[in-house]
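Engineer: Before I ask anything, let me first share the structure, which is written out below as structure tokens.
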Amino acid sequence: EANDAANPGTTGNLKLAHCNDANCAGGDESIQTVDSIGNVGQFTALALDGSGNPVVSYYDVTNTNLKLLHCSDANCTPGNVSTQTVDNVGANGSYSSLALDAAGNPLISYRDATPGNLDLKLAMLSGGSCIPENVSIQTVDGSDDVGQFTSLALDAAGNPVISYQNGSNDLKLAHCNDANCAGGNESMQVLDSVGSVGQYNALVLDPSGNPVISYYDATNGDLKLLHCNDANCTGGDESIQTVDSAGVVGLYTSL
């Protein structure tokens with residue numbers, strides 16, 4: 001299980017691999033070190049822009065910052081990598097998840113692990129840079145110790161939907177009613193609170209825009225799947241199934 005921060009004195013680099021065949025079977029894939037300043041590269045999330053170039057959010061352990069990398073070629077070769085600090089106030093950036101809106105602007109969900117905060121946050125970037133006037137940072141859920149294991153998707157209107165775990169080890173969902181979660185009246189629901197659940201969650205939206213989430217049930221050591229029957233998961237009658245219970249299974253899910 002990942003912690004919010006590792007030893008900042010440890011050296012860790014962010015690397016990117018780009019395969020040149022569908023199975024990565026050639027043995028001659030492009031592998032680049034894209035950030036090596038300090039201990040960086042935890043909690044990575046990857047998307048490709050309209051040109052197929054990588055966009056990566058990640059945690060800078062040394063400085064406890066949220067960072068974003070955008071390459072101007074598909075392999076992130078040296079000289080074609082832009083690296084920006086998105087949030088450097090306190091200890092921000094663990095458990096990041098990334099999506100690009102219709103205009104290619106990055107949105108990042110992440111945890112603010114600053115003592116006294118422990119919040120779920122969202123950063124929205126526009127204009128291709130992280131200068132202050134182009135960055136909107138909002139606290140989506142500041143109700144308690146929240147924001148671990150975030151997973152982000154955008155609904156048909158481009159509004160963020162975020163699954164995450166709180167400090168009570170419940171699975172939660174936030175559905176924003178605007179593009180940068182700025183209204184302060186977002187929908188937030190506890191989806192599963194039976195035992196210790198919600199770790200390693202992964203979120204997608206079905207064709208009707210209803211959330212589907214895979215996650216780990218730590219109490220029973222099981223893989224679980226939840227499927228909501230409305231966009232905000234407000235009915236309290238969502239489908240929750242144990243998918244695999246043979247041994248200890250379900251860590252590090254992807255959906």
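In the structure tokens, the first chain shown is A, the next is B, and so on; residue numbers restart at 1 for each chain, and ligands run from 1 in the order shown.
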Wanna dump the stretch 148-221 of chain A-stretch 41-63 of chain A contacts at 12 Å for me, each residue with its shortest atom pair and the distance in Å to one decimal, counting only C-alpha atoms, ordered by chain and number, as JSON lines?
Structural biologist:
{"residue": "A:Gln148", "atom": "CA", "partner": "A:Phe43", "partner_atom": "CA", "distance": 10.8}
{"residue": "A:Phe149", "atom": "CA", "partner": "A:Phe43", "partner_atom": "CA", "distance": 9.2}
{"residue": "A:Thr150", "atom": "CA", "partner": "A:Phe43", "partner_atom": "CA", "distance": 10.0}
{"residue": "A:Ser151", "atom": "CA", "partner": "A:Ala45", "partner_atom": "CA", "distance": 9.5}
{"residue": "A:Leu152", "atom": "CA", "partner": "A:Ala45", "partner_atom": "CA", "distance": 10.0}
{"residue": "A:Ala153", "atom": "CA", "partner": "A:Ala47", "partner_atom": "CA", "distance": 11.7}
{"residue": "A:Tyr200", "atom": "CA", "partner": "A:Phe43", "partner_atom": "CA", "distance": 11.4}
{"residue": "A:Ala202", "atom": "CA", "partner": "A:Ala45", "partner_atom": "CA", "distance": 11.9}
Engineer: Quick one: everything within 10 Å of A:Ser245, counting only C-alpha atoms, minus sequence neighbours fewer than 5 positions away in the same chain. Send it as a list in words.
Structural biologist: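 With the cut-off at 10 Å, the set is Asp217, Asn220, Gly221, Asp222, Leu223, Lys224 and Gly250 of chain A.
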Engineer: Keeping only N, CA and C atoms, take the residues you just selected and write them out as a PDB file, in the first residue's frame.
Structural biologist:
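Okay, this is what ended up in result-v7.pdb:
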ATOM      1  N   ASP A 217     -11.289  -4.742  -1.401  1.00  0.00           N
ATOM      2  CA  ASP A 217     -11.892  -4.913  -0.082  1.00  0.00           C
ATOM      3  C   ASP A 217     -10.816  -5.484   0.828  1.00  0.00           C
ATOM      4  N   ASN A 220     -11.705  -8.339   3.592  1.00  0.00           N
ATOM      5  CA  ASN A 220     -11.853  -9.722   3.151  1.00  0.00           C
ATOM      6  C   ASN A 220     -10.800 -10.165   2.140  1.00  0.00           C
ATOM      7  N   GLY A 221      -9.968  -9.224   1.698  1.00  0.00           N
ATOM      8  CA  GLY A 221      -8.957  -9.562   0.697  1.00  0.00           C
ATOM      9  C   GLY A 221      -9.562  -9.904  -0.647  1.00  0.00           C
ATOM     10  N   ASP A 222     -10.611  -9.143  -1.046  1.00  0.00           N
ATOM     11  CA  ASP A 222     -11.363  -9.468  -2.257  1.00  0.00           C
ATOM     12  C   ASP A 222     -11.316  -8.329  -3.274  1.00  0.00           C
ATOM     13  N   LEU A 223     -11.543  -8.691  -4.536  1.00  0.00           N
ATOM     14  CA  LEU A 223     -11.787  -7.727  -5.604  1.00  0.00           C
ATOM     15  C   LEU A 223     -13.282  -7.489  -5.716  1.00  0.00           C
ATOM     16  N   LYS A 224     -13.687  -6.206  -5.716  1.00  0.00           N
ATOM     17  CA  LYS A 224     -15.105  -5.869  -5.799  1.00  0.00           C
ATOM     18  C   LYS A 224     -15.373  -4.940  -6.983  1.00  0.00           C
ATOM     19  N   GLY A 250      -7.179  -8.363  -5.685  1.00  0.00           N
ATOM     20  CA  GLY A 250      -7.845  -7.100  -5.918  1.00  0.00           C
ATOM     21  C   GLY A 250      -7.020  -5.855  -5.717  1.00  0.00           C
TER      22      GLY A 250
END
Engineer: Can you tell me how far atom CA of A:Val135 sits from atom CA of A:Ala123, in Å to one decimal?
Structural biologist: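 About the pair atom CA of A:Val135 and atom CA of A:Ala123: they are 6.7 Å apart.
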Engineer: If we count only C-alpha atoms and set the cut-off at 6 Å, which residues sit around A:Leu173, ignoring sequence neighbours fewer than 2 positions away in its own chain? Please answer as a PyMOL selection string.
Structural biologist: chain A and resi 162-163+188-189
Engineer: Ranking A:Ala22, A:Asn180, A:Ser168, A:Asn75 by minimum distance to A:Ile137 and counting only C-alpha atoms, which one comes first?
Structural biologist: A:Asn180
Engineer: Pull the strand (DSSP E or B) assignments for stretch 4-247 of chain A out of DSSP run on the backbone, and list those residues as a VMD selection string.
Structural biologist: chain A and resid 12 14 to 18 30 to 35 39 to 48 54 to 60 65 to 71 81 to 87 92 to 100 106 to 112 119 to 125 135 to 141 146 to 154 160 to 166 171 to 175 187 to 192 197 to 205 211 to 217 222 to 227 239 to 244
Engineer: Show me, as a PyMOL selection string, the residues that have an atom within 6 Å of A:Ile108 when counting only C-alpha atoms, minus same-chain residues fewer than 4 positions from it.
Structural biologist: chain A and resi 97-98+122-123
Engineer: Restricting it to C-alpha atoms, dump the selection as a compact mmCIF listing (two decimals), in the first residue's frame.
Structural biologist:
# COMPACT_ATOMS: atom_id res chain seq x y z
CA SER A 97 -5.35 10.88 -11.55
CA LEU A 98 -5.40 12.72 -14.88
CA LEU A 122 -8.78 19.16 -8.28
CA ALA A 123 -6.47 21.22 -10.50
